[in-house]
$ cat start_28.cif   # mmCIF, C-alpha atoms and all ligand atoms
data_entry
loop_
_atom_site.label_atom_id
_atom_site.label_comp_id
_atom_site.auth_asym_id
_atom_site.auth_seq_id
_atom_site.Cartn_x
_atom_site.Cartn_y
_atom_site.Cartn_z
CA MET T 1 -54.77 156.95 -154.70
CA ASN T 2 -52.43 158.98 -152.53
CA PHE T 3 -48.98 157.41 -152.37
CA PHE T 4 -48.52 158.20 -148.68
CA THR T 5 -51.80 156.82 -147.46
CA ARG T 6 -51.83 153.84 -149.80
CA LYS T 7 -52.50 150.64 -147.96
CA LYS T 8 -49.95 148.05 -148.96
CA SER T 9 -51.49 145.62 -151.40
CA ALA T 10 -50.61 142.47 -149.47
CA SER T 11 -53.05 143.40 -146.71
CA SER T 12 -55.83 144.03 -149.22
CA ALA T 13 -55.08 140.67 -150.78
CA LYS T 14 -55.29 138.95 -147.44
CA GLU T 15 -58.47 140.68 -146.33
CA ARG T 16 -60.19 140.00 -149.64
CA LEU T 17 -59.15 136.37 -149.56
CA GLN T 18 -60.39 135.93 -146.00
CA LEU T 19 -63.85 137.01 -147.10
CA VAL T 20 -63.91 135.11 -150.36
CA LEU T 21 -62.72 131.87 -148.79
CA VAL T 22 -65.32 131.96 -146.05
CA HIS T 23 -68.08 132.32 -148.62
CA ASP T 24 -66.55 129.72 -150.95
CA ARG T 25 -66.19 127.20 -148.16
CA THR T 26 -69.70 127.64 -146.81
CA ASP T 27 -71.31 128.03 -150.21
CA LEU T 28 -73.15 131.04 -148.80
CA THR T 29 -73.23 134.30 -150.73
CA PRO T 30 -72.94 137.60 -148.86
CA ALA T 31 -76.64 138.25 -149.73
CA GLN T 32 -77.70 134.91 -148.27
CA LEU T 33 -75.71 135.65 -145.14
CA GLU T 34 -77.57 138.96 -144.78
CA ALA T 35 -80.91 137.19 -145.16
CA LEU T 36 -79.84 134.62 -142.58
CA LYS T 37 -78.97 137.42 -140.14
CA ASP T 38 -82.35 139.10 -140.66
CA ASP T 39 -84.24 135.86 -140.08
CA LEU T 40 -82.18 135.11 -137.00
CA LEU T 41 -82.84 138.55 -135.52
CA LYS T 42 -86.56 138.29 -136.24
CA ALA T 43 -86.74 134.92 -134.51
CA ILE T 44 -84.82 136.11 -131.48
CA SER T 45 -86.83 139.32 -131.20
CA LYS T 46 -89.99 137.27 -130.75
CA TYR T 47 -88.70 136.21 -127.34
CA ILE T 48 -86.31 138.84 -126.11
CA GLU T 49 -85.67 142.45 -126.78
CA ILE T 50 -82.42 143.10 -128.60
CA ASP T 51 -80.67 146.11 -130.02
CA PRO T 52 -80.35 145.35 -133.73
CA GLU T 53 -77.61 147.98 -134.05
CA ALA T 54 -75.36 146.19 -131.56
CA VAL T 55 -75.74 142.75 -133.06
CA GLN T 56 -72.73 141.18 -134.75
CA ILE T 57 -73.18 138.00 -136.73
CA GLY T 58 -70.56 136.68 -139.09
CA LEU T 59 -68.67 133.71 -140.41
CA GLU T 60 -65.27 133.08 -138.93
CA ARG T 61 -62.45 130.74 -139.80
CA ASP T 62 -60.73 128.45 -137.39
CA GLY T 63 -58.07 126.59 -139.37
CA ARG T 64 -60.11 124.93 -142.11
CA GLU T 65 -63.34 124.99 -140.05
CA GLN T 66 -65.99 127.65 -140.47
CA LYS T 67 -68.09 128.99 -137.61
CA LEU T 68 -71.16 131.15 -137.54
CA VAL T 69 -70.43 133.48 -134.66
CA ALA T 70 -73.12 135.70 -133.16
CA ASP T 71 -72.71 138.37 -130.54
CA ILE T 72 -76.18 139.57 -129.55
CA PRO T 73 -76.31 141.94 -126.57
CA LEU T 74 -79.71 141.89 -124.84
CA ARG T 75 -81.54 145.07 -123.88
CA ALA T 76 -82.00 145.59 -120.18
CA VAL T 77 -85.57 144.67 -119.26
CA THR T 78 -87.69 147.64 -118.14
CA ARG T 79 -90.29 145.97 -115.98
CA ASN T 80 -92.65 148.90 -115.56
CA ARG T 81 -92.87 149.34 -119.28
CA ALA T 82 -96.34 150.10 -120.54
CA GLY T 83 -98.27 147.30 -122.20
CA MET B 1 -39.96 98.33 -153.00
CA THR B 2 -43.36 99.93 -153.17
CA ALA B 3 -43.57 103.38 -154.63
CA GLN B 4 -45.22 106.32 -153.01
CA VAL B 5 -47.65 107.95 -155.43
CA ILE B 6 -47.55 111.75 -155.26
CA THR B 7 -49.87 114.01 -157.26
CA LEU B 8 -49.28 117.72 -157.82
CA THR B 9 -52.38 119.79 -158.44
CA SER B 10 -53.46 123.42 -158.11
CA GLY B 11 -56.90 124.36 -159.36
CA LYS B 12 -55.60 127.41 -161.20
CA GLY B 13 -53.51 126.92 -164.31
CA GLY B 14 -49.96 128.08 -164.86
CA VAL B 15 -48.83 128.17 -161.23
CA GLY B 16 -45.94 125.74 -161.74
CA LYS B 17 -47.22 122.15 -161.39
CA THR B 18 -45.34 120.82 -164.40
CA THR B 19 -42.21 122.71 -163.40
CA ALA B 20 -42.43 121.25 -159.90
CA VAL B 21 -43.04 117.69 -161.13
CA ALA B 22 -40.04 117.83 -163.49
CA ASN B 23 -37.81 119.29 -160.79
CA LEU B 24 -38.87 117.03 -157.95
CA ALA B 25 -38.57 113.93 -160.12
CA THR B 26 -35.11 114.99 -161.27
CA ALA B 27 -33.97 115.85 -157.75
CA LEU B 28 -35.23 112.52 -156.41
CA ALA B 29 -33.45 110.66 -159.21
CA MET B 30 -30.27 112.65 -158.50
CA ASP B 31 -30.58 111.35 -154.92
CA GLY B 32 -30.55 107.82 -156.33
CA LYS B 33 -34.29 107.15 -156.15
CA ARG B 34 -36.14 105.27 -158.86
CA VAL B 35 -38.75 107.67 -160.18
CA VAL B 36 -41.43 107.63 -162.82
CA CYS B 37 -43.48 110.69 -163.65
CA MET B 38 -46.79 110.70 -165.43
CA ASP B 39 -48.22 113.57 -167.43
CA GLY B 40 -51.91 113.72 -166.53
CA ASP B 41 -52.67 116.62 -168.83
CA ILE B 42 -54.25 114.68 -171.71
CA GLY B 43 -54.44 116.82 -174.84
CA LEU B 44 -52.05 119.45 -173.48
CA ARG B 45 -48.88 117.46 -173.09
CA ASN B 46 -46.09 119.49 -171.49
CA LEU B 47 -44.00 117.49 -169.08
CA ASP B 48 -42.04 115.94 -171.97
CA VAL B 49 -40.72 119.30 -173.20
CA VAL B 50 -39.98 120.61 -169.71
CA MET B 51 -37.90 117.47 -169.15
CA GLY B 52 -36.32 117.61 -172.60
CA LEU B 53 -37.68 114.21 -173.66
CA GLU B 54 -40.10 115.25 -176.40
CA ASN B 55 -38.13 113.68 -179.24
CA ARG B 56 -38.24 110.21 -177.78
CA ILE B 57 -41.95 109.65 -177.46
CA VAL B 58 -43.34 106.68 -179.30
CA TYR B 59 -46.27 105.58 -177.17
CA ASP B 60 -48.33 107.45 -174.59
CA ILE B 61 -50.57 106.68 -171.65
CA VAL B 62 -53.70 106.24 -173.78
CA ASP B 63 -51.84 103.66 -175.91
CA VAL B 64 -51.21 101.73 -172.69
CA ILE B 65 -54.83 101.99 -171.55
CA GLU B 66 -56.20 100.97 -174.93
CA GLY B 67 -53.78 98.07 -175.20
CA ARG B 68 -51.69 99.27 -178.14
CA CYS B 69 -48.49 98.82 -176.19
CA LYS B 70 -47.13 97.49 -172.93
CA LEU B 71 -46.63 99.87 -170.02
CA LYS B 72 -42.83 99.48 -170.30
CA GLN B 73 -42.91 100.58 -173.94
CA ALA B 74 -44.54 103.90 -173.02
CA MET B 75 -41.94 104.63 -170.34
CA ILE B 76 -39.25 106.97 -171.65
CA ARG B 77 -35.94 106.71 -169.88
CA ASP B 78 -34.23 110.01 -169.12
CA LYS B 79 -31.10 110.88 -171.07
CA LYS B 80 -28.91 111.55 -168.05
CA LEU B 81 -30.61 109.84 -165.15
CA PRO B 82 -31.13 106.15 -165.90
CA GLU B 83 -33.43 105.70 -162.92
CA MET B 84 -35.95 108.30 -164.11
CA TYR B 85 -38.79 107.65 -166.52
CA LEU B 86 -41.61 109.63 -168.07
CA ILE B 87 -45.00 108.34 -169.17
CA PRO B 88 -46.26 110.99 -171.58
CA ALA B 89 -49.83 112.17 -172.00
CA ALA B 90 -51.64 111.62 -175.28
CA GLN B 91 -51.65 114.78 -177.33
CA THR B 92 -54.47 114.10 -179.75
CA ARG B 93 -57.01 112.67 -177.33
CA ASP B 94 -59.08 114.19 -174.56
CA LYS B 95 -59.25 113.50 -170.86
CA ASN B 96 -62.19 111.14 -171.24
CA ALA B 97 -59.84 108.57 -172.75
CA VAL B 98 -58.54 107.97 -169.18
CA SER B 99 -60.51 107.01 -166.07
CA PRO B 100 -59.57 107.07 -162.38
CA SER B 101 -59.46 103.26 -162.35
CA ASP B 102 -57.05 103.24 -165.33
CA MET B 103 -54.76 105.49 -163.31
CA MET B 104 -55.00 103.22 -160.27
CA ARG B 105 -54.20 100.16 -162.35
CA ILE B 106 -51.16 101.75 -164.00
CA CYS B 107 -49.83 102.98 -160.65
CA ASN B 108 -50.30 99.57 -159.09
CA ASP B 109 -48.28 98.06 -161.93
CA LEU B 110 -45.51 100.64 -161.41
CA LYS B 111 -45.35 100.48 -157.62
CA PRO B 112 -43.18 97.38 -157.15
CA ASP B 113 -40.38 98.76 -159.33
CA PHE B 114 -40.12 102.35 -158.11
CA ASP B 115 -39.64 104.56 -155.07
CA PHE B 116 -41.80 107.41 -156.35
CA VAL B 117 -44.55 107.83 -158.92
CA ILE B 118 -45.15 111.53 -159.50
CA ILE B 119 -48.28 112.67 -161.32
CA ASP B 120 -48.71 116.05 -163.00
CA SER B 121 -52.37 117.03 -162.77
CA PRO B 122 -54.01 119.35 -165.28
CA ALA B 123 -55.49 122.62 -164.04
CA GLY B 124 -59.15 122.64 -163.04
CA ILE B 125 -61.26 120.34 -160.90
CA GLU B 126 -62.72 118.12 -163.58
CA ARG B 127 -62.02 114.70 -165.07
CA GLY B 128 -58.27 115.17 -165.56
CA PHE B 129 -57.88 116.33 -161.96
CA ARG B 130 -60.01 113.41 -160.70
CA ASN B 131 -57.84 111.00 -162.71
CA ALA B 132 -54.66 112.51 -161.30
CA ILE B 133 -55.68 112.36 -157.63
CA ALA B 134 -57.31 108.91 -157.75
CA PRO B 135 -54.13 106.86 -157.19
CA ALA B 136 -52.36 109.42 -154.94
CA ASP B 137 -50.97 108.45 -151.55
CA LYS B 138 -50.04 112.07 -151.02
CA VAL B 139 -51.25 115.23 -152.75
CA LEU B 140 -49.18 118.39 -153.09
CA VAL B 141 -51.06 121.60 -153.83
CA VAL B 142 -49.02 124.14 -155.79
CA THR B 143 -49.98 127.78 -155.61
CA ASN B 144 -48.59 131.30 -156.11
CA PRO B 145 -48.92 134.13 -153.58
CA GLU B 146 -51.78 135.70 -155.52
CA VAL B 147 -55.46 136.11 -154.73
CA SER B 148 -56.88 133.99 -157.56
CA ALA B 149 -54.32 131.20 -157.19
CA VAL B 150 -54.88 130.94 -153.43
CA ARG B 151 -58.63 130.96 -153.88
CA ASP B 152 -58.48 128.08 -156.36
CA ALA B 153 -56.03 126.21 -154.16
CA ASP B 154 -58.53 126.45 -151.32
CA ARG B 155 -61.25 124.93 -153.50
CA VAL B 156 -58.96 122.04 -154.33
CA VAL B 157 -58.04 121.51 -150.66
CA GLY B 158 -61.76 121.43 -149.85
CA ILE B 159 -62.43 118.81 -152.54
CA LEU B 160 -59.48 116.68 -151.39
CA GLU B 161 -60.81 116.74 -147.84
CA ALA B 162 -64.31 115.87 -148.99
CA GLU B 163 -62.85 112.96 -151.00
CA GLU B 164 -60.99 111.84 -147.88
CA LYS B 165 -57.65 112.16 -149.60
CA GLY B 166 -56.26 113.60 -146.37
CA SER B 167 -54.86 117.05 -145.91
CA PRO B 168 -52.53 117.98 -148.78
CA LEU B 169 -49.16 119.70 -148.38
CA LEU B 170 -48.43 123.09 -149.86
CA ILE B 171 -45.75 124.18 -152.33
CA LEU B 172 -45.74 127.95 -152.56
CA ASN B 173 -44.15 128.81 -155.90
CA ARG B 174 -42.87 132.09 -157.38
CA LEU B 175 -42.53 133.94 -154.12
CA ASN B 176 -40.74 137.24 -154.60
CA PRO B 177 -38.95 138.10 -151.32
CA THR B 178 -38.55 141.77 -152.26
CA LEU B 179 -42.27 142.21 -152.89
CA VAL B 180 -43.08 140.40 -149.65
CA LYS B 181 -40.70 142.65 -147.77
CA ASN B 182 -42.43 145.72 -149.22
CA ASN B 183 -45.79 144.26 -148.25
CA ASP B 184 -46.82 144.00 -151.86
CA MET B 185 -47.09 140.23 -151.96
CA LEU B 186 -48.81 137.76 -149.68
CA SER B 187 -46.21 136.16 -147.42
CA ALA B 188 -45.86 132.43 -146.87
CA GLU B 189 -47.38 132.94 -143.40
CA ASP B 190 -50.40 134.69 -144.94
CA VAL B 191 -50.98 131.89 -147.44
CA LEU B 192 -50.59 129.18 -144.81
CA ASP B 193 -52.96 130.96 -142.47
CA LEU B 194 -55.55 131.35 -145.23
CA LEU B 195 -55.36 127.78 -146.52
CA GLY B 196 -54.92 126.07 -143.17
CA ILE B 197 -52.68 123.29 -144.51
CA GLN B 198 -49.07 122.30 -143.89
CA LEU B 199 -46.15 123.73 -145.82
CA LEU B 200 -43.81 121.47 -147.78
CA GLY B 201 -41.69 124.19 -149.33
CA ILE B 202 -41.35 127.67 -150.78
CA VAL B 203 -39.87 128.19 -154.24
CA PRO B 204 -38.73 131.71 -155.11
CA GLU B 205 -39.42 133.44 -158.40
CA ASP B 206 -36.29 132.69 -160.40
CA GLU B 207 -35.47 133.42 -164.04
CA ASN B 208 -33.36 130.25 -164.13
CA VAL B 209 -36.63 128.28 -164.17
CA VAL B 210 -37.42 129.68 -167.62
CA ILE B 211 -33.83 129.20 -168.79
CA GLY B 212 -34.00 125.59 -167.60
CA SER B 213 -37.24 124.86 -169.40
CA ASN B 214 -35.92 126.49 -172.58
CA LYS B 215 -33.13 123.93 -172.51
CA GLY B 216 -35.25 121.02 -171.35
CA ALA B 217 -33.06 120.77 -168.25
CA PRO B 218 -34.99 121.25 -164.98
CA VAL B 219 -33.50 123.96 -162.78
CA VAL B 220 -32.47 121.49 -160.03
CA THR B 221 -29.58 120.55 -162.29
CA ASP B 222 -28.28 124.12 -161.91
CA ALA B 223 -26.37 124.05 -158.63
CA LYS B 224 -26.45 127.82 -158.22
CA SER B 225 -30.12 128.53 -158.82
CA ARG B 226 -32.25 129.48 -155.81
CA ALA B 227 -35.33 127.78 -157.18
CA GLY B 228 -33.21 124.71 -157.88
CA GLN B 229 -32.06 124.69 -154.25
CA ALA B 230 -35.67 125.04 -153.08
CA PHE B 231 -36.79 122.07 -155.20
CA ARG B 232 -33.82 119.98 -154.02
CA ASN B 233 -34.85 120.73 -150.43
CA ILE B 234 -38.45 119.72 -151.12
CA ALA B 235 -37.24 116.46 -152.67
CA LYS B 236 -35.28 115.76 -149.47
CA ARG B 237 -38.39 116.42 -147.38
CA LEU B 238 -40.32 113.95 -149.54
CA GLN B 239 -37.67 111.40 -148.56
CA GLY B 240 -38.41 112.08 -144.92
CA GLN B 241 -35.45 114.34 -144.20
CA ASP B 242 -35.86 117.34 -141.98
CA VAL B 243 -34.49 120.20 -144.09
CA PRO B 244 -34.97 123.75 -142.80
CA LEU B 245 -36.55 126.38 -145.03
CA MET B 246 -33.91 128.37 -146.86
CA ASN B 247 -33.45 132.04 -146.21
CA LEU B 248 -34.98 133.64 -149.27
CA GLU B 249 -34.07 137.18 -148.29
CA SER B 250 -30.30 136.98 -148.36
CA GLN B 251 -30.09 136.59 -152.14
CA GLY B 252 -32.83 139.03 -153.08
CA GLY B 253 -31.23 141.86 -151.11
CA LEU B 254 -27.68 142.96 -150.75
CA TRP B 255 -25.92 140.09 -152.43
CA SER B 256 -27.69 140.36 -155.74
CA ALA B 257 -27.25 144.14 -155.64
CA ILE B 258 -23.50 143.64 -155.28
CA GLN B 259 -23.53 141.13 -158.10
CA ARG B 260 -25.36 143.58 -160.32
CA LEU B 261 -22.90 146.35 -159.48
CA THR B 262 -19.87 144.26 -160.29
CA GLY B 263 -21.51 143.05 -163.48
CA ARG B 264 -21.43 139.41 -162.44
CA LYS B 265 -24.50 137.32 -163.02
N1 LIG T 301 -40.32 129.65 -159.55
C1 LIG T 301 -40.52 130.13 -160.79
N2 LIG T 301 -39.86 131.24 -161.20
C2 LIG T 301 -40.06 131.73 -162.46
N3 LIG T 301 -40.87 131.18 -163.36
C3 LIG T 301 -41.57 130.08 -163.02
C4 LIG T 301 -41.43 129.50 -161.72
N4 LIG T 301 -42.25 128.41 -161.67
C5 LIG T 301 -42.86 128.32 -162.87
N5 LIG T 301 -42.47 129.31 -163.69
C6 LIG T 301 -42.92 129.56 -165.08
O1 LIG T 301 -44.34 129.65 -165.05
C7 LIG T 301 -44.88 129.11 -166.23
C8 LIG T 301 -45.96 128.09 -165.88
O2 LIG T 301 -45.36 126.98 -165.27
P1 LIG T 301 -45.91 125.49 -165.46
O3 LIG T 301 -46.11 125.16 -166.88
O4 LIG T 301 -45.04 124.60 -164.65
O5 LIG T 301 -47.34 125.65 -164.76
P2 LIG T 301 -48.52 124.58 -164.69
O6 LIG T 301 -49.17 124.75 -163.37
O7 LIG T 301 -48.03 123.22 -165.03
O8 LIG T 301 -49.47 125.10 -165.88
P3 LIG T 301 -50.76 124.35 -166.48
O9 LIG T 301 -51.86 124.55 -165.49
O10 LIG T 301 -51.00 125.06 -167.77
O11 LIG T 301 -50.40 122.91 -166.66
C9 LIG T 301 -43.73 128.52 -167.02
O12 LIG T 301 -43.37 129.43 -168.01
C10 LIG T 301 -42.63 128.37 -166.00
O13 LIG T 301 -41.35 128.48 -166.58
MG MG T 302 -48.76 121.84 -166.49
#

$ encode --input "start_28.cif" --output "structure tokens" --more "lines below"
Ligand SMILES: Nc1ncnc2c1ncn2[C@@H]1O[C@H](COP(=O)(O)OP(=O)(O)OP(=O)(O)O)[C@@H](O)[C@H]1O
Ligand SMILES: [Mg+2]
Amino acid sequence: MNFFTRKKSASSAKERLQLVLVHDRTDLTPAQLEALKDDLLKAISKYIEIDPEAVQIGLERDGREQKLVADIPLRAVTRNRAG
Amino acid sequence: MTAQVITLTSGKGGVGKTTAVANLATALAMDGKRVVCMDGDIGLRNLDVVMGLENRIVYDIVDVIEGRCKLKQAMIRDKKLPEMYLIPAAQTRDKNAVSPSDMMRICNDLKPDFDFVIIDSPAGIERGFRNAIAPADKVLVVTNPEVSAVRDADRVVGILEAEEKGSPLLILNRLNPTLVKNNDMLSAEDVLDLLGIQLLGIVPEDENVVIGSNKGAPVVTDAKSRAGQAFRNIAKRLQGQDVPLMNLESQGGLWSAIQRLTGRK
């Protein structure tokens, strides 16, 4: 690792802990969270058109509380679409 | 008088629970409080040597529970502080020799005669930990500013909340101000933000801790030690006094550099 570009280790420690703690506290593995996101997107797509690329779903901490936060931009409806 | 029962626990081993128990008990006794500490680490007895009382053990906590002696007979009085006692763990038994209700009963018997009962929990989240937290009025979680220690501390905080033991207070031990300054150690703010609990005190990394435990004299008895000062402050906070956090940077920086240059310790 290049000395000059090395990220100081305290920030790695904090970032890694933030992730680990969220998964520990919710008892949800990163793989399960991915599966949850997929299922959620499939369910939503049945009703409205969304841009899967723009979707952000993740666990967030608020003190000792965990939240599942989803930001799902909707695609503009094109009324004269075929079909 | 009815004692407050305080348990120190951590999840991860070796972060400084026993050191903290010995120092807080000693500091409280130095402030004139009547204190009894209990070693909850059955099979891995340690508090006795850290306090320098290992040669005086006759009975232990399992002898009390199994009726081989009276509670008073298992209480070892400190050499220097007559108002401080230790109830040692059994060395040749395992944690299943003690149950949470045994711990509650012993603490209830101690409460009328003391100001503080301080319990040293073993590492882990199993039987010994459950025994140690059962009688606690207040739980202190000890951790170090390291990834694995903070992670385990968070598990313990989660269990304490699920058990409705209330939110524990944090003792952050072995903080190295120089490393924090260079961004190579989690800061106290980082750890507090991650764990989401309240801070009781920060204890710096200090070689005097090892020197103290070599001698069986907790570092609070060393007036000059930084860690000793930190533990004395925490003991004051446990007595309800509002003591500001000490400035950990001053000593780690210039002052110790000057001391090194002039060859003073
Ligand atoms: N602030 C400190 N500065 C330097 N060394 C320390 C400090 N606190 C603790 N230590 C050292 O760390 C080691 C582990 O401490 P201690 O035995 O108190 O941990 P513990 O949490 O009780 O361990 P266990 O989980 O095995 O019971 C000891 O050698 C002790 O002297
Ligand atoms: Mg210990």

$ closest_residue --input "start_28.cif" --among "T:Lys14, T:Lys7, T:His23, T:Ile44" --to "Glu60 (chain T)" --atoms "all atoms listed in the file"
T:His23

$ closest_residue --input "start_28.cif" --among "T:Pro52, T:Leu59, T:Asp39, T:Arg64" --to "chain B" --atoms "all atoms listed in the file"
T:Arg64

$ residues_around --input "start_28.cif" --residues "region 132-134 of chain B" --least-positions-apart "5" --cutoff "12 Å" --atoms "only C-alpha atoms" --output "count of residues only"
49

$ atom_distance --input "start_28.cif" --atom1 "CA of Leu192 (chain B)" --atom2 "CA of Gly58 (chain T)"
22.1 Å

$ interface_residues --input "start_28.cif" --of "chain B" --to "chain T" --cutoff "6 Å" --atoms "all atoms listed in the file" --output "list in words"
Asn183, Asp184, Met185, Leu186 and Gly196 of chain B

$ residues_around --input "start_28.cif" --residues "Arg77 (chain B)" --least-positions-apart "4" --cutoff "12 Å" --atoms "all atoms listed in the file" --output "list in words"
Thr26, Ala29, Arg34, Val35, Val36, Cys37, Asp48, Met51, Gly52, Leu53, Glu54, Asn55, Arg56, Ile57, Val58, Lys72, Gln73, Leu81, Pro82, Glu83, Met84, Tyr85, Leu86, Ile87 and Pro88 of chain B

$ residues_near_point --input "start_28.cif" --point "(-40.5, 99.6, -152.2)" --cutoff "12 Å" --atoms "all atoms listed in the file" --output "list in words"
Met1, Thr2, Ala3, Gln4, Val5, Lys33, Arg34, Val35, Asn108, Leu110, Lys111, Pro112, Asp113, Phe114, Asp115, Phe116 and Val117 of chain B

$ atom_distance --input "start_28.cif" --atom1 "atom O12 of ligand LIG 301 (chain T)" --atom2 "CA of Val210 (chain B)"
6.0 Å

$ closest_residue --input "start_28.cif" --among "B:Asp109, B:Arg68, B:Pro135, B:Val142" --to "ligand MG 302 (chain T)" --atoms "all atoms listed in the file"
B:Val142

$ axis_aligned_box --input "start_28.cif" --around "ligand LIG 301 (chain T)" --padding-each-side "6 Å" --output "AutoDock Vina command-line options"
--center_x -45.9 --center_y 127.3 --center_z -163.8 --size_x 24.0 --size_y 20.8 --size_z 20.5

$ residues_near_point --input "start_28.cif" --point "(-33.2, 120.6, -147.1)" --cutoff "10 Å" --atoms "all atoms listed in the file" --output "list of chain:residue names"
B:Gly201, B:Gln229, B:Ala230, B:Phe231, B:Arg232, B:Asn233, B:Ile234, B:Ala235, B:Lys236, B:Arg237, B:Gln241, B:Asp242, B:Val243, B:Pro244, B:Leu245, B:Met246
